[in-house]
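Chemist: So here's my_file-v4.csv, just CSV, C-alpha atoms:
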chain,number,residue,atom,x,y,z
A,1,LYS,CA,-62.8,-22.9,68.7
A,2,ALA,CA,-63.9,-21.3,65.5
A,3,GLY,CA,-61.1,-20.5,63.1
A,4,VAL,CA,-60.1,-17.3,61.5
A,5,THR,CA,-62.9,-15.9,59.5
A,6,GLN,CA,-62.6,-13.4,56.6
A,7,THR,CA,-65.4,-11.5,54.9
A,8,PRO,CA,-66.3,-11.3,52.2
A,9,ARG,CA,-64.8,-14.3,50.5
A,10,TYR,CA,-65.1,-12.9,47.0
A,11,LEU,CA,-65.1,-9.3,45.9
A,12,ILE,CA,-65.2,-7.7,42.4
A,13,LYS,CA,-64.3,-4.0,42.1
A,14,THR,CA,-63.3,-1.6,39.4
A,15,ARG,CA,-60.2,0.5,39.1
A,16,GLY,CA,-60.2,3.6,41.2
A,17,GLN,CA,-62.6,2.2,43.8
A,18,GLN,CA,-61.7,1.4,47.4
A,19,VAL,CA,-62.4,-1.7,49.3
A,20,THR,CA,-62.5,-2.9,52.9
A,21,LEU,CA,-61.8,-6.4,54.0
A,22,SER,CA,-62.5,-7.8,57.4
A,23,CYS,CA,-60.9,-10.4,59.6
A,24,SER,CA,-62.0,-12.0,62.8
A,25,PRO,CA,-59.2,-13.8,64.6
A,26,ILE,CA,-59.5,-16.9,66.7
A,27,SER,CA,-61.0,-16.1,70.1
A,28,GLY,CA,-58.3,-15.0,72.5
A,29,HIS,CA,-55.7,-14.2,69.8
A,30,ARG,CA,-54.4,-10.7,70.0
A,31,SER,CA,-52.2,-10.5,66.9
A,32,VAL,CA,-53.5,-10.2,63.3
A,33,SER,CA,-51.4,-10.2,60.2
A,34,TRP,CA,-52.3,-9.6,56.6
A,35,TYR,CA,-50.7,-11.1,53.5
A,36,GLN,CA,-51.2,-10.6,49.8
A,37,GLN,CA,-50.9,-13.7,47.6
A,38,THR,CA,-50.5,-13.4,43.8
A,39,PRO,CA,-49.2,-15.8,41.2
A,40,GLY,CA,-46.4,-13.5,40.3
A,41,GLN,CA,-45.2,-12.3,43.7
A,42,GLY,CA,-46.3,-15.1,45.9
A,43,LEU,CA,-47.1,-14.5,49.6
A,44,GLN,CA,-46.1,-11.0,50.7
A,45,PHE,CA,-46.5,-9.5,54.2
A,46,LEU,CA,-48.7,-6.4,54.4
A,47,PHE,CA,-48.8,-5.5,58.1
A,48,GLU,CA,-49.3,-6.9,61.6
A,49,TYR,CA,-51.4,-5.5,64.5
A,50,PHE,CA,-51.2,-6.3,68.1
A,51,SER,CA,-53.4,-4.7,70.7
A,52,GLU,CA,-54.6,-2.1,68.2
A,53,THR,CA,-51.1,-1.1,67.3
A,54,GLN,CA,-49.4,-1.7,64.0
A,55,ARG,CA,-46.0,-3.2,64.8
A,56,ASN,CA,-44.7,-4.0,61.4
A,57,LYS,CA,-45.5,-3.0,57.8
A,58,GLY,CA,-44.4,-4.6,54.5
A,59,ASN,CA,-43.3,-2.8,51.4
A,60,PHE,CA,-46.6,-1.8,50.0
A,61,PRO,CA,-47.8,1.7,49.0
A,62,GLY,CA,-49.8,3.9,51.3
A,63,ARG,CA,-53.0,2.9,49.5
A,64,PHE,CA,-52.9,-0.2,51.7
A,65,SER,CA,-53.9,0.5,55.3
A,66,GLY,CA,-55.3,-1.4,58.2
A,67,ARG,CA,-56.5,-1.2,61.7
A,68,GLN,CA,-57.4,-3.4,64.6
A,69,PHE,CA,-60.2,-2.9,67.0
A,70,SER,CA,-60.3,-3.5,70.8
A,71,ASN,CA,-61.9,-7.0,70.2
A,72,SER,CA,-58.9,-7.8,68.0
A,73,ARG,CA,-60.9,-7.9,64.8
A,74,SER,CA,-59.1,-6.2,62.0
A,75,GLU,CA,-59.8,-4.5,58.7
A,76,MET,CA,-57.7,-3.7,55.8
A,77,ASN,CA,-58.5,-1.0,53.3
A,78,VAL,CA,-57.2,-0.5,49.8
A,79,SER,CA,-57.9,2.8,48.2
A,80,THR,CA,-57.7,3.8,44.5
A,81,LEU,CA,-57.7,0.2,43.3
A,82,GLU,CA,-55.3,-0.9,40.5
A,83,LEU,CA,-55.5,-3.9,38.3
A,84,GLY,CA,-52.4,-5.3,40.1
A,85,ASP,CA,-54.3,-5.3,43.4
A,86,SER,CA,-56.2,-8.4,42.2
A,87,ALA,CA,-55.1,-11.1,44.7
A,88,LEU,CA,-56.0,-13.4,47.5
A,89,TYR,CA,-55.7,-11.5,50.8
A,90,LEU,CA,-55.0,-13.7,53.7
A,91,CYS,CA,-55.4,-12.9,57.3
A,92,ALA,CA,-53.6,-14.8,60.1
A,93,SER,CA,-53.9,-14.6,63.8
A,94,SER,CA,-51.7,-15.7,66.6
A,95,PRO,CA,-52.1,-15.7,70.4
A,96,ASN,CA,-49.4,-13.3,71.4
A,97,GLY,CA,-47.8,-12.1,68.2
A,98,GLN,CA,-44.4,-13.6,69.1
A,99,THR,CA,-43.8,-15.2,65.8
A,100,GLU,CA,-40.7,-17.0,67.0
A,101,SER,CA,-42.8,-19.2,69.2
A,102,ASP,CA,-46.4,-18.5,68.1
A,103,THR,CA,-48.0,-20.2,65.2
A,104,GLN,CA,-50.0,-18.1,62.8
A,105,TYR,CA,-53.4,-19.5,61.9
A,106,PHE,CA,-54.7,-18.5,58.5
A,107,GLY,CA,-58.2,-17.7,57.3
A,108,PRO,CA,-59.6,-18.8,54.0
A,109,GLY,CA,-58.8,-15.5,52.4
A,110,THR,CA,-60.7,-12.9,50.4
A,111,ARG,CA,-60.3,-13.1,46.6
A,112,LEU,CA,-60.3,-9.6,45.3
A,113,THR,CA,-60.7,-9.0,41.5
A,114,VAL,CA,-60.2,-5.6,40.1
A,115,LEU,CA,-61.6,-4.9,36.7
B,1,ALA,CA,-32.3,-10.1,55.2
B,2,GLN,CA,-33.6,-13.5,55.9
B,3,SER,CA,-35.1,-15.5,53.1
B,4,VAL,CA,-36.2,-19.0,52.1
B,5,THR,CA,-35.7,-20.7,48.8
B,6,GLN,CA,-37.9,-23.6,47.6
B,7,LEU,CA,-36.3,-25.6,44.8
B,8,GLY,CA,-38.8,-26.9,42.3
B,9,SER,CA,-42.0,-25.0,41.7
B,10,HIS,CA,-43.7,-28.2,40.6
B,11,VAL,CA,-43.0,-31.8,41.9
B,12,SER,CA,-44.8,-34.9,40.7
B,13,VAL,CA,-44.7,-38.2,42.6
B,14,SER,CA,-46.5,-41.5,42.2
B,15,GLU,CA,-49.0,-42.5,44.8
B,16,GLY,CA,-47.1,-44.4,47.5
B,17,ALA,CA,-43.8,-42.9,46.6
B,18,LEU,CA,-41.6,-40.7,48.8
B,19,VAL,CA,-42.4,-37.0,48.9
B,20,LEU,CA,-39.4,-34.7,49.2
B,21,LEU,CA,-39.9,-30.9,49.1
B,22,ARG,CA,-36.9,-28.8,49.4
B,23,CYS,CA,-36.4,-25.6,51.5
B,24,ASN,CA,-33.2,-23.7,52.2
B,25,TYR,CA,-33.0,-20.7,54.4
B,26,SER,CA,-30.6,-17.9,54.7
B,27,SER,CA,-29.9,-16.8,58.2
B,28,SER,CA,-27.0,-15.9,60.4
B,29,VAL,CA,-28.7,-17.5,63.4
B,30,PRO,CA,-31.0,-20.5,63.6
B,31,PRO,CA,-34.4,-19.2,62.7
B,32,TYR,CA,-37.9,-20.4,63.3
B,33,LEU,CA,-39.1,-22.3,60.3
B,34,PHE,CA,-42.5,-23.5,59.2
B,35,TRP,CA,-44.2,-25.6,56.5
B,36,TYR,CA,-47.7,-24.7,55.5
B,37,VAL,CA,-50.0,-26.4,52.9
B,38,GLN,CA,-52.6,-24.7,50.8
B,39,TYR,CA,-55.4,-26.6,49.1
B,40,PRO,CA,-57.2,-25.0,46.2
B,41,ASN,CA,-59.4,-22.0,47.2
B,42,GLN,CA,-58.4,-22.3,50.9
B,43,GLY,CA,-56.0,-20.6,53.3
B,44,LEU,CA,-52.8,-22.0,54.7
B,45,GLN,CA,-52.7,-24.8,57.1
B,46,LEU,CA,-49.7,-25.4,59.4
B,47,LEU,CA,-48.0,-28.8,58.8
B,48,LEU,CA,-45.2,-28.4,61.2
B,49,LYS,CA,-42.7,-25.9,62.7
B,50,TYR,CA,-39.1,-25.9,63.9
B,51,THR,CA,-38.4,-24.0,67.1
B,52,SER,CA,-35.0,-25.5,68.0
B,53,ALA,CA,-36.4,-28.1,70.5
B,54,ALA,CA,-35.6,-31.0,68.1
B,55,THR,CA,-34.0,-31.2,64.7
B,56,LEU,CA,-36.5,-33.8,63.4
B,57,VAL,CA,-40.0,-32.3,63.5
B,58,LYS,CA,-43.1,-34.4,63.0
B,59,GLY,CA,-46.2,-32.8,61.7
B,60,ILE,CA,-49.7,-33.6,60.6
B,61,ASN,CA,-50.7,-36.0,57.9
B,62,GLY,CA,-47.5,-38.1,58.2
B,63,PHE,CA,-45.2,-35.2,57.2
B,64,GLU,CA,-41.9,-34.5,58.9
B,65,ALA,CA,-39.0,-32.2,58.3
B,66,GLU,CA,-35.4,-32.2,59.4
B,67,PHE,CA,-33.5,-29.1,60.3
B,68,LYS,CA,-29.9,-29.2,59.1
B,69,LYS,CA,-27.9,-26.2,60.2
B,70,SER,CA,-24.8,-27.2,58.2
B,71,GLU,CA,-26.8,-27.3,55.0
B,72,THR,CA,-29.2,-24.5,56.0
B,73,SER,CA,-32.0,-26.7,55.0
B,74,PHE,CA,-35.4,-27.7,56.2
B,75,HIS,CA,-36.7,-30.2,53.7
B,76,LEU,CA,-40.2,-31.7,54.0
B,77,THR,CA,-40.7,-35.4,53.6
B,78,LYS,CA,-43.4,-38.0,53.7
B,79,PRO,CA,-42.7,-41.7,53.2
B,80,SER,CA,-45.7,-42.5,51.1
B,81,ALA,CA,-47.7,-40.0,49.0
B,82,HIS,CA,-51.4,-40.1,49.0
B,83,MET,CA,-53.7,-38.5,46.4
B,84,SER,CA,-55.0,-36.2,49.1
B,85,ASP,CA,-51.5,-34.7,49.4
B,86,ALA,CA,-51.8,-32.9,46.1
B,87,ALA,CA,-51.6,-29.2,47.1
B,88,GLU,CA,-49.2,-26.3,47.2
B,89,TYR,CA,-46.6,-26.3,50.0
B,90,PHE,CA,-44.9,-23.2,51.4
B,91,CYS,CA,-41.8,-23.0,53.6
B,92,ALA,CA,-41.6,-19.9,55.8
B,93,VAL,CA,-39.1,-18.3,58.1
B,94,SER,CA,-39.9,-16.0,61.0
B,95,PRO,CA,-37.1,-13.5,61.5
B,96,SER,CA,-36.6,-12.6,65.1
B,97,GLY,CA,-38.5,-9.6,66.3
B,98,THR,CA,-40.2,-8.7,63.1
B,99,TYR,CA,-43.7,-10.2,63.8
B,100,LYS,CA,-44.0,-11.5,60.2
B,101,TYR,CA,-43.3,-14.6,58.1
B,102,ILE,CA,-41.3,-14.6,55.0
B,103,PHE,CA,-42.5,-17.2,52.6
B,104,GLY,CA,-40.9,-19.2,49.9
B,105,THR,CA,-42.4,-19.2,46.4
B,106,GLY,CA,-44.2,-22.5,47.0
B,107,THR,CA,-44.0,-26.0,45.5
B,108,ARG,CA,-47.0,-27.5,43.9
B,109,LEU,CA,-47.2,-31.2,44.5
B,110,LYS,CA,-48.9,-33.5,42.1
B,111,VAL,CA,-49.7,-37.1,43.0
B,112,LEU,CA,-50.0,-39.5,40.1
B,113,ALA,CA,-52.3,-42.6,40.4
What does this structure look like when you write it as structure tokens?
Modeler:
Amino acid sequence: KAGVTQTPRYLIKTRGQQVTLSCSPISGHRSVSWYQQTPGQGLQFLFEYFSETQRNKGNFPGRFSGRQFSNSRSEMNVSTLELGDSALYLCASSPNGQTESDTQYFGPGTRLTVL
Amino acid sequence: AQSVTQLGSHVSVSEGALVLLRCNYSSSVPPYLFWYVQYPNQGLQLLLKYTSAATLVKGINGFEAEFKKSETSFHLTKPSAHMSDAAEYFCAVSPSGTYKYIFGTGTRLKVLA
């Protein structure tokens, strides 16, 4: 099975712009989660989707949003980019989204740089 | 709120020496715990996970971890370090019903020749 794929791998934007990142989960997985990784804050949970519904959201401003499509692919959008949004954005998928028993499988990430 | 603490942001060991990476969790009930490894410019790869089936959990690449409820710990060990083990290691907890992981701050392992 192919792993979790994320596109693009690298992205450079300027302040004020918006950006959309894409994640394709492992085939058959229905849950997709997004995390932001920065040197200062570490790995922080953004949100999780299951069957096109957002089930949980982390403590990020409303500029961060996401969605999931019927084929389980997910996108996250960041509007009005700020310098502090520069980070590695990781997507993870799991079969049923029951994190107590499921394992989350991570993609390689999208490295976003905001200038 | 549940959390994990990783003691030591950087750990150096000699090749062939024991690797010990520390993780302590805070939880009122036994949680689900995970260790992930991240190589440069890559995502996270699962090493092992604790799901209460056994307190000693064996993972990939010769790593194992022991769940100790009395110490609220889930330390990661490997008997003999290899150069290829140099990476960043993350401990994570999955609070029940939240559909998310809470990660520790990570420990960067350096293996000296």
Chemist: Mind giving me the straight-line distance from atom CA of B:Thr72 to atom CA of B:Tyr36 in Å, one decimal?
Modeler: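 Separating atom CA of B:Thr72 from atom CA of B:Tyr36 is a distance of 18.5 Å.
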Chemist: Please provide the set of residues having any atom within 7 Å of A:Leu88, restricted to all atoms listed in the file, with same-chain residues fewer than 5 positions apart removed, written as a list in words.
Modeler: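 Neighbouring residues, sequence-local ones excluded: Gln36, Gln37, Thr38, Gly109, Thr110, Arg111 and Leu112 of chain A.
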Chemist: Select from chain A every residue with an atom at most 9 Å from any atom of chain B, then for each give the shortest pair of atoms and their distance in Å to one decimal, using only C-alpha atoms, rows by chain and rising number, as CSV.
Modeler:
residue,atom,partner,partner_atom,distance
A:Ser33,CA,B:Lys100,CA,7.5
A:Gln41,CA,B:Thr105,CA,7.9
A:Gly42,CA,B:Thr105,CA,5.7
A:Leu43,CA,B:Phe103,CA,6.1
A:Gln44,CA,B:Ile102,CA,7.4
A:Phe45,CA,B:Lys100,CA,6.8
A:Phe47,CA,B:Lys100,CA,8.0
A:Glu48,CA,B:Tyr99,CA,6.9
A:Arg55,CA,B:Tyr99,CA,7.4
A:Asn56,CA,B:Tyr99,CA,6.7
A:Lys57,CA,B:Lys100,CA,9.0
A:Gly58,CA,B:Lys100,CA,9.0
A:Leu90,CA,B:Gly43,CA,7.0
A:Cys91,CA,B:Gly43,CA,8.7
A:Gly97,CA,B:Tyr99,CA,6.3
A:Gln98,CA,B:Tyr99,CA,6.3
A:Thr99,CA,B:Tyr99,CA,5.4
A:Glu100,CA,B:Tyr32,CA,5.8
A:Ser101,CA,B:Thr51,CA,6.8
A:Thr103,CA,B:Leu46,CA,8.0
A:Gln104,CA,B:Leu46,CA,8.1
A:Tyr105,CA,B:Gln45,CA,7.2
A:Phe106,CA,B:Leu44,CA,5.5
A:Gly107,CA,B:Gly43,CA,5.4
A:Pro108,CA,B:Gly43,CA,4.1
A:Gly109,CA,B:Gly43,CA,5.9
A:Arg111,CA,B:Asn41,CA,9.0
Chemist: Using only C-alpha atoms, please write the residues we just selected to a file, as a CSV table (one decimal), keeping the file's coordinate frame.
Modeler:
chain,number,residue,atom,x,y,z
A,33,SER,CA,-51.4,-10.2,60.2
A,41,GLN,CA,-45.2,-12.3,43.7
A,42,GLY,CA,-46.3,-15.1,45.9
A,43,LEU,CA,-47.1,-14.5,49.6
A,44,GLN,CA,-46.1,-11.0,50.7
A,45,PHE,CA,-46.5,-9.5,54.2
A,47,PHE,CA,-48.8,-5.5,58.1
A,48,GLU,CA,-49.3,-6.9,61.6
A,55,ARG,CA,-46.0,-3.2,64.8
A,56,ASN,CA,-44.7,-4.0,61.4
A,57,LYS,CA,-45.5,-3.0,57.8
A,58,GLY,CA,-44.4,-4.6,54.5
A,90,LEU,CA,-55.0,-13.7,53.7
A,91,CYS,CA,-55.4,-12.9,57.3
A,97,GLY,CA,-47.8,-12.1,68.2
A,98,GLN,CA,-44.4,-13.6,69.1
A,99,THR,CA,-43.8,-15.2,65.8
A,100,GLU,CA,-40.7,-17.0,67.0
A,101,SER,CA,-42.8,-19.2,69.2
A,103,THR,CA,-48.0,-20.2,65.2
A,104,GLN,CA,-50.0,-18.1,62.8
A,105,TYR,CA,-53.4,-19.5,61.9
A,106,PHE,CA,-54.7,-18.5,58.5
A,107,GLY,CA,-58.2,-17.7,57.3
A,108,PRO,CA,-59.6,-18.8,54.0
A,109,GLY,CA,-58.8,-15.5,52.4
A,111,ARG,CA,-60.3,-13.1,46.6
Chemist: Rank nothing, just name the residue among A:Pro8, A:Pro25, A:Pro61, A:Gly40 nearest to A:Leu81, using all atoms listed in the file.
Modeler: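 Looking only at the distances to A:Leu81, the closest residue turns out to be A:Pro61.
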Chemist: State, in Å with one decimal place, the distance from atom CA of B:Phe63 to atom CA of B:Tyr89.
Modeler: 11.5 Å
Chemist: Atom CA of A:Ser86 and atom CA of A:Tyr10, how far apart in Å?
Modeler: 11.1 Å
Chemist: Could I get stretch 15-46 of chain B rebuilt with N, CA and C atoms, written as a CSV table (one decimal), in the frame of the given file?
Modeler:
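Final output, selection04.csv:
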chain,number,residue,atom,x,y,z
B,15,GLU,N,-48.4,-42.2,43.6
B,15,GLU,CA,-49.0,-42.5,44.8
B,15,GLU,C,-48.2,-43.6,45.5
B,16,GLY,N,-47.9,-43.5,46.8
B,16,GLY,CA,-47.1,-44.4,47.5
B,16,GLY,C,-45.6,-44.2,47.5
B,17,ALA,N,-45.2,-43.2,46.7
B,17,ALA,CA,-43.8,-42.9,46.6
B,17,ALA,C,-43.4,-41.9,47.7
B,18,LEU,N,-42.1,-41.7,47.9
B,18,LEU,CA,-41.6,-40.7,48.8
B,18,LEU,C,-41.8,-39.3,48.3
B,19,VAL,N,-42.2,-38.5,49.2
B,19,VAL,CA,-42.4,-37.0,48.9
B,19,VAL,C,-41.2,-36.3,49.5
B,20,LEU,N,-40.5,-35.5,48.7
B,20,LEU,CA,-39.4,-34.7,49.2
B,20,LEU,C,-39.6,-33.3,48.6
B,21,LEU,N,-39.8,-32.3,49.5
B,21,LEU,CA,-39.9,-30.9,49.1
B,21,LEU,C,-38.8,-30.1,49.7
B,22,ARG,N,-38.1,-29.4,48.9
B,22,ARG,CA,-36.9,-28.8,49.4
B,22,ARG,C,-37.1,-27.3,49.9
B,23,CYS,N,-36.4,-27.0,51.0
B,23,CYS,CA,-36.4,-25.6,51.5
B,23,CYS,C,-35.1,-25.3,52.1
B,24,ASN,N,-34.5,-24.2,51.6
B,24,ASN,CA,-33.2,-23.7,52.2
B,24,ASN,C,-33.5,-22.3,52.7
B,25,TYR,N,-32.9,-22.0,53.8
B,25,TYR,CA,-33.0,-20.7,54.4
B,25,TYR,C,-31.7,-20.0,54.5
B,26,SER,N,-31.8,-18.7,54.5
B,26,SER,CA,-30.6,-17.9,54.7
B,26,SER,C,-30.7,-17.1,56.0
B,27,SER,N,-29.8,-17.4,56.9
B,27,SER,CA,-29.9,-16.8,58.2
B,27,SER,C,-28.6,-16.9,58.9
B,28,SER,N,-28.3,-15.9,59.7
B,28,SER,CA,-27.0,-15.9,60.4
B,28,SER,C,-27.2,-16.6,61.8
B,29,VAL,N,-28.4,-16.7,62.2
B,29,VAL,CA,-28.7,-17.5,63.4
B,29,VAL,C,-29.8,-18.4,63.1
B,30,PRO,N,-29.9,-19.6,63.9
B,30,PRO,CA,-31.0,-20.5,63.6
B,30,PRO,C,-32.3,-19.8,63.7
B,31,PRO,N,-33.1,-19.9,62.7
B,31,PRO,CA,-34.4,-19.2,62.7
B,31,PRO,C,-35.5,-20.1,63.1
B,32,TYR,N,-36.7,-19.6,63.2
B,32,TYR,CA,-37.9,-20.4,63.3
B,32,TYR,C,-38.4,-20.7,61.9
B,33,LEU,N,-38.7,-21.9,61.6
B,33,LEU,CA,-39.1,-22.3,60.3
B,33,LEU,C,-40.4,-23.1,60.3
B,34,PHE,N,-41.2,-22.9,59.3
B,34,PHE,CA,-42.5,-23.5,59.2
B,34,PHE,C,-42.8,-24.1,57.8
B,35,TRP,N,-43.6,-25.1,57.8
B,35,TRP,CA,-44.2,-25.6,56.5
B,35,TRP,C,-45.7,-25.5,56.6
B,36,TYR,N,-46.2,-24.9,55.6
B,36,TYR,CA,-47.7,-24.7,55.5
B,36,TYR,C,-48.1,-25.4,54.2
B,37,VAL,N,-49.4,-25.9,54.1
B,37,VAL,CA,-50.0,-26.4,52.9
B,37,VAL,C,-51.2,-25.6,52.6
B,38,GLN,N,-51.4,-25.5,51.3
B,38,GLN,CA,-52.6,-24.7,50.8
B,38,GLN,C,-53.3,-25.6,49.8
B,39,TYR,N,-54.6,-25.9,50.1
B,39,TYR,CA,-55.4,-26.6,49.1
B,39,TYR,C,-56.1,-25.6,48.3
B,40,PRO,N,-56.6,-25.9,47.1
B,40,PRO,CA,-57.2,-25.0,46.2
B,40,PRO,C,-58.4,-24.2,46.9
B,41,ASN,N,-58.3,-22.9,46.7
B,41,ASN,CA,-59.4,-22.0,47.2
B,41,ASN,C,-59.5,-22.0,48.8
B,42,GLN,N,-58.4,-22.3,49.4
B,42,GLN,CA,-58.4,-22.3,50.9
B,42,GLN,C,-57.2,-21.5,51.4
B,43,GLY,N,-57.2,-21.2,52.7
B,43,GLY,CA,-56.0,-20.6,53.3
B,43,GLY,C,-54.9,-21.5,53.5
B,44,LEU,N,-54.0,-21.1,54.4
B,44,LEU,CA,-52.8,-22.0,54.7
B,44,LEU,C,-53.0,-22.7,56.0
B,45,GLN,N,-52.6,-24.0,56.0
B,45,GLN,CA,-52.7,-24.8,57.1
B,45,GLN,C,-51.3,-25.2,57.6
B,46,LEU,N,-51.0,-25.1,58.9
B,46,LEU,CA,-49.7,-25.4,59.4
B,46,LEU,C,-49.5,-26.9,59.3
